[in-house]
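Heads up: the structure comes next, in structure tokens.
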Amino acid sequence: MRKVGIIKEIWRYPVKGMGGERVETCGLDAMGLYGDRRWAVRDLNRDEIQSCKFRPQLLRCTARTMADSDTPRIEFPDGETVCCTDASVEERLSELLGHASRIEALQSNEGLDRFRRYKLGAIGWLDELKATFDREQGEPLPDFSNLPQSVADFVSVPGTFFLVAPVHIVTTATLSHLENVQQNADWDARRFRPNLVIETLPGEEGLAEQDWIGQTLHMGEVKLTCIATTPRCGAITRAQRDFGADTLVLRTVVRHADQNLGVYGRMSEAGSLHAGVEVWVG
């Protein structure tokens with residue numbers, strides 16, 4: 001094994017698609033960080049769980065878990081804070097998103113229907129998905145030719161509100177590398193919605209985490225296996241609470257990072273994550 005850095009930041013997102021909260025320590029198991037993506041917004045007409053890919057307005061909200069409750073509170077763009085179980089929250093979300101919506105908590109032992117993708121037709125769902133990547137003329141899209149049937153059928157991993165895997169990781173090496181390529185873009189790590197930001201050691205340069213695919217990260221008592229790269233869509237260009245829209249970010253990732261920024265991880269050994277803990281790869 002080799003030491004590659006330390007955990008700089010830990011983030012969890014209590015409501016899928018919304019801004020999240022930074023924490024200093026958090027438990028991790030097969031379902032991801034405790035409290036991460038345990039709630040989601042459903043489009044009532046489509047009968048489908050929504051993400052910031054399709055409803056970027058969600059990024060203008062911030063969800064936080066209160067110390068005395070597992071139920072998150074949502075701060076809306078106007079500053080009003082509403083509990084997820086408040087009677088007014090569905091009206092507020094529907095108004096913000098422009099679609100009739102409700103918010104719901106993840107339940108154990110749920111059937112598959114709750115996670116199914118809305119289908120416009122045989123391939124309509126794929127056209128919708130491709131459109132979220134916001135590519136300009138001549139820019140490549142990710143390879144969709146070998147998508148598993150589960151991706152066609154479900155909008156998230158069945159039984160979860162995760163798109164691909166429970167943990168998403170980015171490194172300061174990657175952010176610094178791309179900032180050097182395009183200094184006029186805004187490389188705030190929050191654009192990329194990581195669970196872990198790893199501050200890499202000198203010598204870990206370029207798109208560092210891309211070299212970790214298939215390897216295991218050792219972080220104190222926790223072990224995470226890096227399973228796949230993260231192809232980027234238009235969500236990273238959207239305005240969030242503390243910064244504005246920036247299309248240069250996506251142009252740079254597509255043209256100088258093979259469309260990917262960050263990697264997905266899956267828990268190999270559960271435990272507690274702590275900011276400042278050393279990260280080893282092997």
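How things are named: the first chain in the structure tokens is A, the next is B, and so on; residues count from 1 in each chain; ligands count from 1 in the order shown.
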
_Show me, as a ChimeraX atom specification, the residues that have an atom within 10 Å of Val89 of chain A when counting only C-alpha atoms, minus same-chain residues fewer than 3 positions from it._
/A:73-74,76,81-86,92-95,101-103

Expected file contents, prior selection, N, CA, C and O atoms, as a PDB file, in the first residue's frame:
ATOM      1  N   ARG A  73     -34.111  18.962   7.367  1.00  0.00           N
ATOM      2  CA  ARG A  73     -34.780  20.222   7.102  1.00  0.00           C
ATOM      3  C   ARG A  73     -34.216  20.780   5.808  1.00  0.00           C
ATOM      4  O   ARG A  73     -33.020  20.690   5.547  1.00  0.00           O
ATOM      5  N   ILE A  74     -35.089  21.360   4.994  1.00  0.00           N
ATOM      6  CA  ILE A  74     -34.703  21.902   3.698  1.00  0.00           C
ATOM      7  C   ILE A  74     -34.700  23.420   3.776  1.00  0.00           C
ATOM      8  O   ILE A  74     -35.689  24.033   4.190  1.00  0.00           O
ATOM      9  N   PHE A  76     -34.876  26.508   1.501  1.00  0.00           N
ATOM     10  CA  PHE A  76     -35.244  26.875   0.136  1.00  0.00           C
ATOM     11  C   PHE A  76     -34.475  28.121  -0.310  1.00  0.00           C
ATOM     12  O   PHE A  76     -33.856  28.809   0.514  1.00  0.00           O
ATOM     13  N   THR A  81     -36.756  27.722   5.927  1.00  0.00           N
ATOM     14  CA  THR A  81     -36.367  26.362   6.266  1.00  0.00           C
ATOM     15  C   THR A  81     -37.603  25.574   6.673  1.00  0.00           C
ATOM     16  O   THR A  81     -38.384  26.008   7.526  1.00  0.00           O
ATOM     17  N   VAL A  82     -37.776  24.400   6.047  1.00  0.00           N
ATOM     18  CA  VAL A  82     -38.977  23.592   6.249  1.00  0.00           C
ATOM     19  C   VAL A  82     -38.557  22.145   6.500  1.00  0.00           C
ATOM     20  O   VAL A  82     -37.711  21.604   5.787  1.00  0.00           O
ATOM     21  N   CYS A  83     -39.149  21.518   7.496  1.00  0.00           N
ATOM     22  CA  CYS A  83     -38.894  20.106   7.761  1.00  0.00           C
ATOM     23  C   CYS A  83     -39.498  19.254   6.647  1.00  0.00           C
ATOM     24  O   CYS A  83     -40.550  19.591   6.089  1.00  0.00           O
ATOM     25  N   CYS A  84     -38.826  18.152   6.307  1.00  0.00           N
ATOM     26  CA  CYS A  84     -39.311  17.281   5.230  1.00  0.00           C
ATOM     27  C   CYS A  84     -40.706  16.729   5.494  1.00  0.00           C
ATOM     28  O   CYS A  84     -41.409  16.343   4.551  1.00  0.00           O
ATOM     29  N   THR A  85     -41.121  16.652   6.750  1.00  0.00           N
ATOM     30  CA  THR A  85     -42.443  16.129   7.070  1.00  0.00           C
ATOM     31  C   THR A  85     -43.485  17.233   7.255  1.00  0.00           C
ATOM     32  O   THR A  85     -44.639  16.940   7.560  1.00  0.00           O
ATOM     33  N   ASP A  86     -43.088  18.484   7.038  1.00  0.00           N
ATOM     34  CA  ASP A  86     -44.026  19.595   7.184  1.00  0.00           C
ATOM     35  C   ASP A  86     -45.082  19.547   6.074  1.00  0.00           C
ATOM     36  O   ASP A  86     -44.787  19.186   4.936  1.00  0.00           O
ATOM     37  N   ARG A  92     -44.205  23.726  -1.644  1.00  0.00           N
ATOM     38  CA  ARG A  92     -42.998  24.502  -1.910  1.00  0.00           C
ATOM     39  C   ARG A  92     -42.151  23.852  -2.997  1.00  0.00           C
ATOM     40  O   ARG A  92     -41.630  24.524  -3.897  1.00  0.00           O
ATOM     41  N   LEU A  93     -41.992  22.531  -2.924  1.00  0.00           N
ATOM     42  CA  LEU A  93     -41.196  21.821  -3.931  1.00  0.00           C
ATOM     43  C   LEU A  93     -41.863  21.877  -5.301  1.00  0.00           C
ATOM     44  O   LEU A  93     -41.186  22.087  -6.321  1.00  0.00           O
ATOM     45  N   SER A  94     -43.156  21.701  -5.350  1.00  0.00           N
ATOM     46  CA  SER A  94     -43.872  21.738  -6.631  1.00  0.00           C
ATOM     47  C   SER A  94     -43.740  23.104  -7.282  1.00  0.00           C
ATOM     48  O   SER A  94     -43.549  23.221  -8.507  1.00  0.00           O
ATOM     49  N   GLU A  95     -43.817  24.150  -6.479  1.00  0.00           N
ATOM     50  CA  GLU A  95     -43.669  25.505  -7.002  1.00  0.00           C
ATOM     51  C   GLU A  95     -42.252  25.733  -7.521  1.00  0.00           C
ATOM     52  O   GLU A  95     -42.052  26.310  -8.599  1.00  0.00           O
ATOM     53  N   SER A 101     -44.982  17.535  -7.099  1.00  0.00           N
ATOM     54  CA  SER A 101     -43.930  16.722  -6.479  1.00  0.00           C
ATOM     55  C   SER A 101     -44.259  16.449  -5.026  1.00  0.00           C
ATOM     56  O   SER A 101     -45.019  17.181  -4.388  1.00  0.00           O
ATOM     57  N   ARG A 102     -43.657  15.385  -4.516  1.00  0.00           N
ATOM     58  CA  ARG A 102     -43.700  15.132  -3.082  1.00  0.00           C
ATOM     59  C   ARG A 102     -42.328  14.615  -2.658  1.00  0.00           C
ATOM     60  O   ARG A 102     -41.529  14.179  -3.485  1.00  0.00           O
ATOM     61  N   ILE A 103     -42.074  14.668  -1.362  1.00  0.00           N
ATOM     62  CA  ILE A 103     -40.817  14.165  -0.832  1.00  0.00           C
ATOM     63  C   ILE A 103     -41.095  12.917  -0.007  1.00  0.00           C
ATOM     64  O   ILE A 103     -42.137  12.827   0.664  1.00  0.00           O
TER      65      ILE A 103
END

*Write out as a PyMOL selection string each polymer residue whose atoms come within 12 Å of segment 196-205 of chain A, counting only C-alpha atoms; drop sequence neighbours fewer than 6 positions from it.*
chain A and resi 2-13+21-26+28+32-33+166-178+180+188-190+211-212+217+219+224+262-265+273-281

*Which residue gives the smallest distance to Asp153 of chain A among A:Asp29, A:Glu269, A:Asp242, A:Asp113, with only C-alpha atoms counted?*
A:Asp113

*Once DSSP has gone over the backbone, tell me which residues of segment 75-250 of chain A are in alpha helix (DSSP H), as a PyMOL selection string.*
chain A and resi 89-97+124-131+149-153+172-181+247-250

*as a ChimeraX atom specification, list the residues of segment 23-257 of chain A assigned to strand (DSSP E or B) by DSSP on the backbone atoms of this structure.*
/A:23,25-29,32-33,39-43,48-50,62-65,72-75,81-83,101-105,116,154,167-171,196-200,216-219,222-231,240,243

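Residues in contact range of Arg241 of chain A, defined as at most 10 Å between only C-alpha atoms, with sequence neighbours fewer than 6 positions away removed, read A:Gly19, A:Leu59, A:Arg60, A:Cys61, A:Thr62, A:Glu75, A:Phe76, A:Pro77.
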
May I have the residues from that selection written out with C-alpha atoms, as a PDB file, in the first residue's frame?
ATOM      1  CA  GLY A  19     -27.088  20.615  -1.557  1.00  0.00           C
ATOM      2  CA  LEU A  59     -29.457  22.302  -6.285  1.00  0.00           C
ATOM      3  CA  ARG A  60     -30.737  25.678  -5.075  1.00  0.00           C
ATOM      4  CA  CYS A  61     -31.946  23.976  -1.892  1.00  0.00           C
ATOM      5  CA  THR A  62     -29.822  22.707   0.979  1.00  0.00           C
ATOM      6  CA  GLU A  75     -33.537  25.473   3.236  1.00  0.00           C
ATOM      7  CA  PHE A  76     -35.244  26.875   0.136  1.00  0.00           C
ATOM      8  CA  PRO A  77     -33.702  29.562  -2.114  1.00  0.00           C
TER       9      PRO A  77
END

*asked:* Need to verify the contact set: segment 155-162 of chain A, 10 Å, only C-alpha atoms, exclusion of same-chain residues closer than 5 positions in sequence. Can you return it as a PyMOL selection string?
replied: chain A and resi 15-17+31-32+36-40+48-51+105-118+125+150+167

Go ahead and save the residues from that selection, with N, CA, C and O atoms, as a CSV table (one decimal), in the first residue's frame.
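Saved to again-v1.csv:
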chain,number,residue,atom,x,y,z
A,15,VAL,N,-31.1,14.8,1.2
A,15,VAL,CA,-32.1,14.7,0.1
A,15,VAL,C,-31.5,14.6,-1.2
A,15,VAL,O,-30.7,15.5,-1.6
A,16,LYS,N,-31.8,13.6,-2.0
A,16,LYS,CA,-31.2,13.4,-3.3
A,16,LYS,C,-31.4,14.6,-4.2
A,16,LYS,O,-32.5,15.1,-4.3
A,17,GLY,N,-30.3,15.1,-4.8
A,17,GLY,CA,-30.3,16.2,-5.7
A,17,GLY,C,-30.1,17.5,-5.1
A,17,GLY,O,-29.9,18.5,-5.8
A,31,MET,N,-24.9,0.8,2.8
A,31,MET,CA,-25.9,1.8,2.3
A,31,MET,C,-25.3,3.2,2.1
A,31,MET,O,-26.0,4.2,1.9
A,32,GLY,N,-24.0,3.3,2.3
A,32,GLY,CA,-23.3,4.6,2.2
A,32,GLY,C,-23.1,5.3,3.5
A,32,GLY,O,-23.2,4.7,4.6
A,36,ASP,N,-27.1,9.8,4.3
A,36,ASP,CA,-26.9,10.3,2.9
A,36,ASP,C,-27.9,9.7,2.0
A,36,ASP,O,-28.1,8.5,1.9
A,37,ARG,N,-28.6,10.6,1.3
A,37,ARG,CA,-29.6,10.3,0.3
A,37,ARG,C,-30.7,9.3,0.9
A,37,ARG,O,-31.0,8.3,0.2
A,38,ARG,N,-31.2,9.6,2.0
A,38,ARG,CA,-32.2,8.8,2.6
A,38,ARG,C,-33.6,9.4,2.3
A,38,ARG,O,-34.6,8.8,2.6
A,39,TRP,N,-33.7,10.5,1.6
A,39,TRP,CA,-34.9,11.1,1.1
A,39,TRP,C,-34.8,11.5,-0.3
A,39,TRP,O,-33.6,11.7,-0.8
A,40,ALA,N,-35.9,11.6,-1.0
A,40,ALA,CA,-35.9,12.0,-2.5
A,40,ALA,C,-37.2,12.6,-2.8
A,40,ALA,O,-38.2,12.4,-2.2
A,48,GLU,N,-41.9,9.1,-10.7
A,48,GLU,CA,-40.5,8.8,-10.8
A,48,GLU,C,-39.7,9.7,-9.8
A,48,GLU,O,-39.9,10.9,-9.6
A,49,ILE,N,-38.7,9.0,-9.2
A,49,ILE,CA,-37.7,9.7,-8.3
A,49,ILE,C,-36.9,10.7,-9.2
A,49,ILE,O,-36.5,10.3,-10.3
A,50,GLN,N,-36.7,11.9,-8.7
A,50,GLN,CA,-36.0,12.9,-9.5
A,50,GLN,C,-34.6,13.2,-8.9
A,50,GLN,O,-34.3,13.0,-7.7
A,51,SER,N,-33.7,13.6,-9.8
A,51,SER,CA,-32.3,14.0,-9.4
A,51,SER,C,-32.0,15.3,-9.9
A,51,SER,O,-32.8,15.9,-10.7
A,105,ALA,N,-39.2,9.4,2.2
A,105,ALA,CA,-38.1,8.8,2.8
A,105,ALA,C,-37.9,7.4,2.3
A,105,ALA,O,-38.8,6.7,1.9
A,106,LEU,N,-36.6,6.9,2.2
A,106,LEU,CA,-36.3,5.6,1.9
A,106,LEU,C,-36.8,4.6,2.9
A,106,LEU,O,-36.6,4.9,4.1
A,107,GLN,N,-37.4,3.5,2.5
A,107,GLN,CA,-37.9,2.5,3.4
A,107,GLN,C,-37.2,1.2,3.2
A,107,GLN,O,-36.8,0.9,2.0
A,108,SER,N,-37.1,0.4,4.2
A,108,SER,CA,-36.5,-0.9,4.0
A,108,SER,C,-37.5,-1.9,3.4
A,108,SER,O,-38.7,-1.7,3.5
A,109,ASN,N,-36.9,-2.9,2.7
A,109,ASN,CA,-37.8,-3.9,2.1
A,109,ASN,C,-38.8,-3.4,1.2
A,109,ASN,O,-40.0,-3.9,1.2
A,110,GLU,N,-38.5,-2.4,0.3
A,110,GLU,CA,-39.4,-1.9,-0.6
A,110,GLU,C,-39.4,-2.7,-1.9
A,110,GLU,O,-38.4,-3.2,-2.3
A,111,GLY,N,-40.5,-2.6,-2.6
A,111,GLY,CA,-40.6,-3.3,-3.9
A,111,GLY,C,-39.9,-2.5,-5.0
A,111,GLY,O,-39.6,-1.3,-4.8
A,112,LEU,N,-39.7,-3.1,-6.1
A,112,LEU,CA,-38.9,-2.5,-7.2
A,112,LEU,C,-39.6,-1.3,-7.9
A,112,LEU,O,-39.0,-0.4,-8.4
A,113,ASP,N,-41.0,-1.4,-7.8
A,113,ASP,CA,-41.7,-0.4,-8.6
A,113,ASP,C,-41.4,1.1,-8.2
A,113,ASP,O,-41.5,2.0,-9.0
A,114,ARG,N,-41.0,1.2,-6.9
A,114,ARG,CA,-40.8,2.6,-6.5
A,114,ARG,C,-39.6,3.3,-7.1
A,114,ARG,O,-39.5,4.5,-7.2
A,115,PHE,N,-38.7,2.5,-7.7
A,115,PHE,CA,-37.5,3.0,-8.3
A,115,PHE,C,-37.4,2.9,-9.8
A,115,PHE,O,-36.4,3.2,-10.4
A,116,ARG,N,-38.6,2.6,-10.4
A,116,ARG,CA,-38.6,2.4,-11.9
A,116,ARG,C,-38.5,3.8,-12.6
A,116,ARG,O,-38.9,4.8,-12.1
A,117,ARG,N,-37.9,3.7,-13.8
A,117,ARG,CA,-37.7,4.9,-14.6
A,117,ARG,C,-39.0,5.1,-15.4
A,117,ARG,O,-39.7,4.2,-15.9
A,118,TYR,N,-39.3,6.4,-15.6
A,118,TYR,CA,-40.5,6.8,-16.4
A,118,TYR,C,-40.1,6.5,-17.9
A,118,TYR,O,-39.0,6.9,-18.3
A,125,TRP,N,-36.5,7.2,-23.0
A,125,TRP,CA,-35.8,7.4,-21.8
A,125,TRP,C,-34.3,7.7,-22.0
A,125,TRP,O,-33.7,8.5,-21.3
A,150,SER,N,-30.8,-2.9,-16.0
A,150,SER,CA,-31.2,-2.3,-14.8
A,150,SER,C,-31.2,-0.7,-15.0
A,150,SER,O,-32.0,0.0,-14.4
A,167,VAL,N,-20.9,5.8,-2.6
A,167,VAL,CA,-19.8,6.8,-2.3
A,167,VAL,C,-19.2,7.4,-3.5
A,167,VAL,O,-18.9,6.6,-4.5

Segment 166-220 of chain A residues near segment 231-240 of chain A within 9 Å, closest pair each, using only C-alpha atoms, as CSV:
residue,atom,partner,partner_atom,distance
A:Arg190,CA,A:Gln240,CA,8.8
A:Arg191,CA,A:Ile236,CA,5.2
A:Phe192,CA,A:Ile236,CA,5.9
A:Arg193,CA,A:Ile236,CA,8.5

Dump as a PDB file, in the first residue's frame, selection limited to N, CA, C and O atoms:
ATOM      1  N   ARG A 190     -17.809  21.462  -4.370  1.00  0.00           N
ATOM      2  CA  ARG A 190     -19.233  21.191  -4.163  1.00  0.00           C
ATOM      3  C   ARG A 190     -20.004  21.033  -5.472  1.00  0.00           C
ATOM      4  O   ARG A 190     -21.077  20.424  -5.485  1.00  0.00           O
ATOM      5  N   ARG A 191     -19.458  21.548  -6.565  1.00  0.00           N
ATOM      6  CA  ARG A 191     -20.111  21.350  -7.867  1.00  0.00           C
ATOM      7  C   ARG A 191     -20.265  19.867  -8.193  1.00  0.00           C
ATOM      8  O   ARG A 191     -21.199  19.466  -8.890  1.00  0.00           O
ATOM      9  N   PHE A 192     -19.335  19.064  -7.693  1.00  0.00           N
ATOM     10  CA  PHE A 192     -19.240  17.666  -8.107  1.00  0.00           C
ATOM     11  C   PHE A 192     -19.871  16.714  -7.096  1.00  0.00           C
ATOM     12  O   PHE A 192     -19.824  15.509  -7.273  1.00  0.00           O
ATOM     13  N   ARG A 193     -20.439  17.257  -6.049  1.00  0.00           N
ATOM     14  CA  ARG A 193     -21.221  16.516  -5.062  1.00  0.00           C
ATOM     15  C   ARG A 193     -20.485  15.285  -4.536  1.00  0.00           C
ATOM     16  O   ARG A 193     -21.029  14.173  -4.524  1.00  0.00           O
TER      17      ARG A 193
END

*Which residue, A:Lys119, A:Arg135, A:Arg266, A:His218, has the smallest gap to Thr247 of chain A when you use only C-alpha atoms?*
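Among the listed residues, A:Arg135 lies closest to Thr247 of chain A.
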
*Counting only C-alpha atoms, which of A:Leu96, A:Ala208, A:Val222, A:Leu248 gets nearest to Gly27 of chain A?*
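Checking each of A:Leu96, A:Ala208, A:Val222, A:Leu248 against Gly27 of chain A, counting only C-alpha atoms, the winner is A:Val222.
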
*Have a look at A:Val254, A:Val151, A:Ile227, A:Leu120 and name the one nearest to Arg46 of chain A; count only C-alpha atoms.*
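Of all the options, A:Leu120 lies closest to Arg46 of chain A.
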
*Have a look at atom CA of Cys52 of chain A and atom CA of Glu179 of chain A and let me know their distance in Å, one decimal.*
23.9 Å
